[in-house]
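Shown below: my_file-v2.txt, with compact mmCIF, C-alpha atoms and all ligand atoms.
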# COMPACT_ATOMS: atom_id res chain seq x y z
CA MET J 865 -6.88 2.19 -11.38
CA ILE J 866 -3.12 1.76 -11.53
CA LYS J 867 -1.80 -1.70 -10.83
CA VAL J 868 1.63 -1.94 -9.27
CA ALA J 869 3.22 -5.40 -9.02
CA ILE J 870 6.07 -6.01 -6.56
CA ILE J 871 8.30 -8.75 -7.91
CA GLY J 872 11.62 -10.36 -7.08
CA ALA J 873 13.39 -13.45 -5.81
CA GLU J 874 12.27 -15.03 -2.53
CA ASN J 875 12.83 -13.20 0.74
CA VAL J 876 13.91 -9.86 -0.78
CA GLY J 877 11.25 -7.97 1.19
CA LYS J 878 8.31 -7.77 -1.23
CA SER J 879 5.63 -8.30 1.42
CA THR J 880 7.42 -5.95 3.83
CA LEU J 881 7.30 -3.26 1.14
CA MET J 882 3.61 -3.88 0.47
CA ASN J 883 2.91 -3.40 4.19
CA ALA J 884 5.13 -0.31 4.40
CA LEU J 885 3.46 1.36 1.43
CA LEU J 886 -0.01 0.81 2.81
CA GLY J 887 0.95 1.35 6.46
CA GLU J 888 -0.79 -1.87 7.48
CA LYS J 889 0.20 -5.45 8.08
CA ILE J 890 -1.50 -6.99 5.09
CA SER J 891 1.01 -9.58 3.99
CA GLU J 892 2.87 -12.04 6.15
CA THR J 893 6.62 -11.48 6.33
CA MET J 894 9.22 -13.91 7.64
CA PRO J 895 12.97 -14.44 7.43
CA VAL J 896 12.51 -17.64 5.41
CA PRO J 897 12.25 -17.80 1.59
CA GLY J 898 8.84 -18.82 0.24
CA THR J 899 6.76 -17.04 2.90
CA THR J 900 4.13 -15.71 0.50
CA LYS J 901 2.23 -18.81 -0.57
CA ARG J 902 -0.55 -17.13 -2.46
CA VAL J 903 0.91 -16.52 -5.87
CA ILE J 904 -0.89 -13.24 -6.40
CA LYS J 905 -2.23 -11.04 -3.65
CA LYS J 906 -4.03 -7.93 -4.85
CA VAL J 907 -4.94 -5.17 -2.45
CA PHE J 908 -6.54 -1.84 -3.20
CA GLY J 909 -5.05 0.85 -1.03
CA THR J 910 -3.93 4.41 -0.61
CA VAL J 911 -0.26 5.13 -0.29
CA LYS J 912 0.50 8.01 2.08
CA ILE J 913 2.41 10.42 -0.06
CA PRO J 914 3.74 13.69 1.40
CA LYS J 915 1.93 16.70 -0.09
CA THR J 916 5.16 18.15 -1.44
CA MET J 917 5.65 15.09 -3.60
CA LYS J 918 2.21 15.02 -5.10
CA ASN J 919 1.93 15.59 -8.77
CA PRO J 920 -0.06 18.78 -9.46
CA PHE J 921 -2.12 16.89 -12.03
CA GLY J 922 -3.54 14.42 -9.58
CA GLY J 923 -2.92 12.23 -6.57
CA ALA J 924 -1.80 8.97 -8.11
CA ASP J 925 -1.81 7.58 -4.61
CA GLU J 926 -4.71 5.17 -4.96
CA LEU J 927 -3.30 1.98 -6.29
CA VAL J 928 -3.88 -1.70 -6.60
CA LEU J 929 -0.77 -3.22 -5.08
CA ILE J 930 0.12 -6.77 -6.00
CA ASP J 931 2.32 -8.77 -3.67
CA THR J 932 3.69 -11.81 -5.45
CA ALA J 933 5.28 -15.08 -4.44
CA GLY J 934 9.08 -15.13 -4.82
CA LEU J 935 9.84 -15.97 -8.46
CA TYR J 936 13.24 -17.53 -7.81
CA ASP J 937 15.38 -19.09 -5.15
CA PRO J 938 17.66 -16.24 -4.00
CA GLN J 939 20.86 -18.17 -4.64
CA HIS J 940 20.03 -20.45 -7.57
CA GLU J 941 18.30 -20.19 -10.88
CA LEU J 942 15.46 -22.33 -9.59
CA ARG J 943 11.81 -21.34 -9.54
CA GLY J 944 10.49 -20.11 -6.22
CA LYS J 945 9.57 -23.06 -4.01
CA VAL J 946 5.84 -22.30 -3.87
CA LEU J 947 5.55 -22.02 -7.66
CA SER J 948 4.78 -24.88 -10.01
CA GLU J 949 5.50 -24.30 -13.70
CA GLY J 950 1.84 -23.43 -14.26
CA LYS J 951 1.73 -21.01 -11.32
CA PHE J 952 4.94 -19.39 -12.51
CA LYS J 953 3.34 -18.71 -15.90
CA GLU J 954 0.18 -17.43 -14.24
CA LEU J 955 2.28 -15.04 -12.20
CA ILE J 956 4.16 -13.78 -15.26
CA GLU J 957 0.81 -13.08 -16.97
CA GLU J 958 -0.32 -11.10 -13.96
CA ILE J 959 2.92 -9.10 -13.94
CA VAL J 960 2.52 -8.36 -17.64
CA SER J 961 -0.95 -6.95 -16.94
CA ALA J 962 0.37 -4.49 -14.32
CA ASP J 963 0.89 -0.82 -15.19
CA VAL J 964 4.05 -0.44 -13.14
CA VAL J 965 6.45 -3.09 -11.85
CA ILE J 966 8.67 -2.77 -8.78
CA HIS J 967 11.64 -5.11 -9.22
CA MET J 968 13.17 -5.75 -5.78
CA ILE J 969 16.70 -6.94 -5.27
CA ASP J 970 18.30 -8.11 -2.01
CA ALA J 971 21.43 -6.03 -1.34
CA GLN J 972 23.10 -9.09 0.17
CA TYR J 973 22.80 -11.20 -3.00
CA GLY J 974 22.74 -8.59 -5.75
CA LEU J 975 20.91 -8.97 -9.04
CA HIS J 976 19.51 -12.47 -9.62
CA ARG J 977 20.21 -13.88 -13.10
CA GLY J 978 16.67 -15.12 -13.66
CA MET J 979 15.30 -11.76 -12.55
CA GLU J 980 17.73 -9.96 -14.83
CA LYS J 981 16.37 -11.87 -17.84
CA LEU J 982 12.78 -11.27 -16.79
CA HIS J 983 13.53 -7.58 -16.26
CA HIS J 984 14.71 -7.21 -19.84
CA ILE J 985 11.73 -9.10 -21.24
CA LEU J 986 9.31 -6.92 -19.28
CA LYS J 987 11.09 -3.76 -20.30
CA PHE J 988 11.73 -4.42 -23.97
CA ARG J 989 9.05 -6.86 -25.07
CA TYR J 990 6.23 -5.53 -22.92
CA GLU J 991 7.43 -1.93 -22.50
CA LYS J 992 6.68 -1.98 -18.77
CA PRO J 993 7.74 0.92 -16.63
CA ILE J 994 9.95 -0.74 -14.01
CA ILE J 995 11.19 0.68 -10.73
CA VAL J 996 14.32 -1.07 -9.51
CA VAL J 997 14.71 -1.21 -5.75
CA VAL J 998 17.72 -2.59 -3.91
CA ASN J 999 16.42 -3.45 -0.45
CA LYS J 1000 18.15 -4.30 2.86
CA ILE J 1001 21.01 -1.83 2.41
CA ASP J 1002 21.23 -1.76 6.22
CA LEU J 1003 22.81 -5.22 5.96
CA ILE J 1004 25.76 -4.24 3.78
CA PRO J 1005 28.68 -1.88 4.57
CA LYS J 1006 28.03 1.76 3.60
CA GLU J 1007 30.89 1.81 1.08
CA LYS J 1008 29.36 -1.15 -0.75
CA VAL J 1009 26.07 0.68 -1.39
CA ASP J 1010 27.48 2.92 -4.14
CA GLU J 1011 29.38 0.03 -5.68
CA LEU J 1012 26.24 -2.10 -5.85
CA ARG J 1013 24.23 0.79 -7.26
CA GLU J 1014 26.72 1.18 -10.09
CA ILE J 1015 26.84 -2.54 -10.91
CA ILE J 1016 23.05 -2.75 -11.09
CA GLU J 1017 22.77 0.49 -13.01
CA LYS J 1018 25.12 -0.92 -15.65
CA ARG J 1019 23.37 -4.26 -15.97
CA LEU J 1020 19.80 -2.97 -16.03
CA GLU J 1021 20.58 0.37 -17.65
CA GLN J 1022 18.64 2.28 -15.06
CA ARG J 1023 19.34 3.77 -11.67
CA PRO J 1024 18.03 1.75 -8.73
CA VAL J 1025 16.52 3.16 -5.55
CA MET J 1026 18.70 2.08 -2.62
CA LEU J 1027 16.36 1.17 0.24
CA SER J 1028 16.14 -0.20 3.74
CA LEU J 1029 12.78 -1.13 5.18
CA VAL J 1030 14.39 -1.26 8.64
CA THR J 1031 15.92 2.24 8.73
CA PHE J 1032 13.61 3.59 5.98
CA GLU J 1033 16.57 5.14 4.22
CA GLY J 1034 15.54 5.68 0.59
CA PHE J 1035 11.82 5.28 1.27
CA ASN J 1036 10.99 8.83 0.18
CA ASP J 1037 13.07 8.33 -2.96
CA LEU J 1038 10.93 5.31 -3.75
CA LEU J 1039 7.70 7.26 -3.14
CA ARG J 1040 8.91 10.00 -5.45
CA VAL J 1041 9.66 7.54 -8.26
CA LEU J 1042 6.39 5.70 -7.66
CA VAL J 1043 4.36 8.91 -7.95
CA TYR J 1044 6.19 9.77 -11.15
CA TYR J 1045 5.67 6.37 -12.75
CA ALA J 1046 2.08 6.06 -11.59
CA GLN J 1047 1.29 9.38 -13.19
CA TYR J 1048 3.01 8.32 -16.38
CA ALA J 1049 1.04 5.07 -16.49
CA LYS J 1050 -2.18 6.98 -15.85
CA ASN J 1051 -1.57 9.36 -18.74
CA LYS J 1052 -0.74 6.51 -21.07
CA SER J 1053 -4.04 4.70 -20.62
N1 LIG E 1101 17.55 -6.11 7.55
C1 LIG E 1101 16.48 -5.97 6.77
N2 LIG E 1101 15.54 -6.93 6.75
C2 LIG E 1101 14.48 -6.75 5.94
C3 LIG E 1101 14.31 -5.59 5.14
N3 LIG E 1101 13.15 -5.72 4.45
C4 LIG E 1101 12.62 -6.90 4.80
N4 LIG E 1101 13.41 -7.53 5.71
C5 LIG E 1101 13.22 -8.85 6.32
O1 LIG E 1101 13.44 -9.83 5.32
C6 LIG E 1101 12.62 -10.98 5.55
C7 LIG E 1101 11.82 -11.31 4.31
O2 LIG E 1101 10.86 -10.29 4.09
P1 LIG E 1101 9.51 -10.58 3.31
O3 LIG E 1101 8.82 -9.28 3.15
O4 LIG E 1101 8.78 -11.71 3.92
O5 LIG E 1101 10.13 -11.03 1.91
P2 LIG E 1101 9.34 -11.54 0.61
O6 LIG E 1101 10.10 -11.02 -0.55
O7 LIG E 1101 7.91 -11.20 0.70
O8 LIG E 1101 9.59 -13.10 0.75
P3 LIG E 1101 8.77 -14.33 0.06
O9 LIG E 1101 7.31 -14.08 0.24
O10 LIG E 1101 9.27 -15.50 0.83
O11 LIG E 1101 9.20 -14.36 -1.36
C8 LIG E 1101 11.76 -10.62 6.76
O12 LIG E 1101 12.35 -11.19 7.90
C9 LIG E 1101 11.80 -9.10 6.80
O13 LIG E 1101 11.62 -8.59 8.10
C10 LIG E 1101 15.33 -4.59 5.19
O14 LIG E 1101 15.30 -3.55 4.53
N5 LIG E 1101 16.39 -4.85 6.03
MG MG E 1102 6.27 -12.39 0.64
Mind turning the file's structure into structure tokens?
Amino acid sequence: MIKVAIIGAENVGKSTLMNALLGEKISETMPVPGTTKRVIKKVFGTVKIPKTMKNPFGGADELVLIDTAGLYDPQHELRGKVLSEGKFKELIEEIVSADVVIHMIDAQYGLHRGMEKLHHILKFRYEKPIIVVVNKIDLIPKEKVDELREIIEKRLEQRPVMLSLVTFEGFNDLLRVLVYYAQYAKNKS
């Protein structure tokens, strides 16, 4: 079974994404940072993937999704408020054990420094397939979306999916990438 961990700073929309992918309200979402108190929340579920997107070699739509507590304060390099040092380490271990990582970024704040470091460690030391998602693009002016995409693409050396979980712009792009990566992870193991 493919494990997909959704990670990011507090309040970026991790739990909202988990719910959107599974089409159910599984995780609590709120406008305040530190909403997800349980460090690791694993749910087995089926992601509804349009037939046209399905990989001919198999569904890759049955996943274990992992919603995680926010790793960092959105505006400072501080640990997320619900994480002690021990819990932070525990969470990193869980992320390292995932097959695919979704790194979520809040379009309003851009790439978080702590998350940038972690991204590189996961990618280069642990060789994790990472999907970068910039969420909440409905909250920034349209002309800023391309600018932000380019900045993040340069810093992380990969193209992010630009997403809004309010308008659902970019959601199909994310599904497409997820199917691709899930298949890749499946073949690897
Ligand atoms: N405008 C806008 N709001 C969003 C979007 N996605 C999520 N939100 C809102 O952002 C807030 C935080 O969402 P959560 O899903 O709770 O964020 P989280 O990353 O799980 O937060 P923590 O558990 O606190 O780390 C909620 O009020 C969501 O409704 C989006 O694409 N656009
Ligand atoms: Mg949450």
Centre and edge lengths of an axis-aligned box around all listed atoms of range 985-989 of chain J, with 6 Å added on each side, are to be given in Å to one decimal, as JSON.
{"center_x": 10.4, "center_y": -6.4, "center_z": -22.2, "size_x": 14.7, "size_y": 17.3, "size_z": 17.8}
**Nearby residues (all atoms listed in the file) at most 8 Å from range 866-869 of chain J, same-chain spacing under 6 positions excluded, as JSON, numbers by chain** = {"J": [926, 927, 928, 929, 930, 931, 932, 959, 962, 963, 964, 965, 966, 1046, 1049, 1050]}
Once you have the residues from the selection above, write them out as an mmCIF file, keeping the file's coordinate frame, restricted to C-alpha atoms.
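This went into part-v6.cif:
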data_model
loop_
_atom_site.group_PDB
_atom_site.id
_atom_site.type_symbol
_atom_site.label_atom_id
_atom_site.label_comp_id
_atom_site.auth_asym_id
_atom_site.auth_seq_id
_atom_site.Cartn_x
_atom_site.Cartn_y
_atom_site.Cartn_z
ATOM 1 C CA GLU J 926 -4.710 5.170 -4.960
ATOM 2 C CA LEU J 927 -3.300 1.980 -6.290
ATOM 3 C CA VAL J 928 -3.880 -1.700 -6.600
ATOM 4 C CA LEU J 929 -0.770 -3.220 -5.080
ATOM 5 C CA ILE J 930 0.120 -6.770 -6.000
ATOM 6 C CA ASP J 931 2.320 -8.770 -3.670
ATOM 7 C CA THR J 932 3.690 -11.810 -5.450
ATOM 8 C CA ILE J 959 2.920 -9.100 -13.940
ATOM 9 C CA ALA J 962 0.370 -4.490 -14.320
ATOM 10 C CA ASP J 963 0.890 -0.820 -15.190
ATOM 11 C CA VAL J 964 4.050 -0.440 -13.140
ATOM 12 C CA VAL J 965 6.450 -3.090 -11.850
ATOM 13 C CA ILE J 966 8.670 -2.770 -8.780
ATOM 14 C CA ALA J 1046 2.080 6.060 -11.590
ATOM 15 C CA ALA J 1049 1.040 5.070 -16.490
ATOM 16 C CA LYS J 1050 -2.180 6.980 -15.850
#
**Asked** Which of these, J:Leu982, J:Met1026, J:Ala971, J:Val876, has the shortest distance to Leu1003 in chain J once you count all atoms listed in the file?
**Response**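 Residue with the minimum atom-to-atom distance to Leu1003 in chain J: J:Ala971.
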**Item:** From J:Asp937, J:Glu954, J:Glu949, J:Glu1033, residue lying nearest Asp1002 in chain J [only C-alpha atoms]
**Value:**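 Nearest candidate to Asp1002 in chain J out of J:Asp937, J:Glu954, J:Glu949, J:Glu1033: J:Glu1033.
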**Message:** Given the point (11.2, -7.0, 8.4) in the file's coordinates, find the residues that have an atom at most 9 Å from it, counting all atoms listed in the file, and give them as a ChimeraX atom specification.
**Reply:** /J:877,880,893-895,1029-1030
With C-alpha atoms retained, write the just-selected residues as a compact mmCIF listing (two decimals), in the frame of the given file.
# COMPACT_ATOMS: atom_id res chain seq x y z
CA GLY J 877 11.25 -7.97 1.19
CA THR J 880 7.42 -5.95 3.83
CA THR J 893 6.62 -11.48 6.33
CA MET J 894 9.22 -13.91 7.64
CA PRO J 895 12.97 -14.44 7.43
CA LEU J 1029 12.78 -1.13 5.18
CA VAL J 1030 14.39 -1.26 8.64
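Distances here use all atoms listed in the file; by that measure, the residue among J:Val1043, J:Val960, J:Met865, J:Val997 closest to Leu1027 in chain J is J:Val997.
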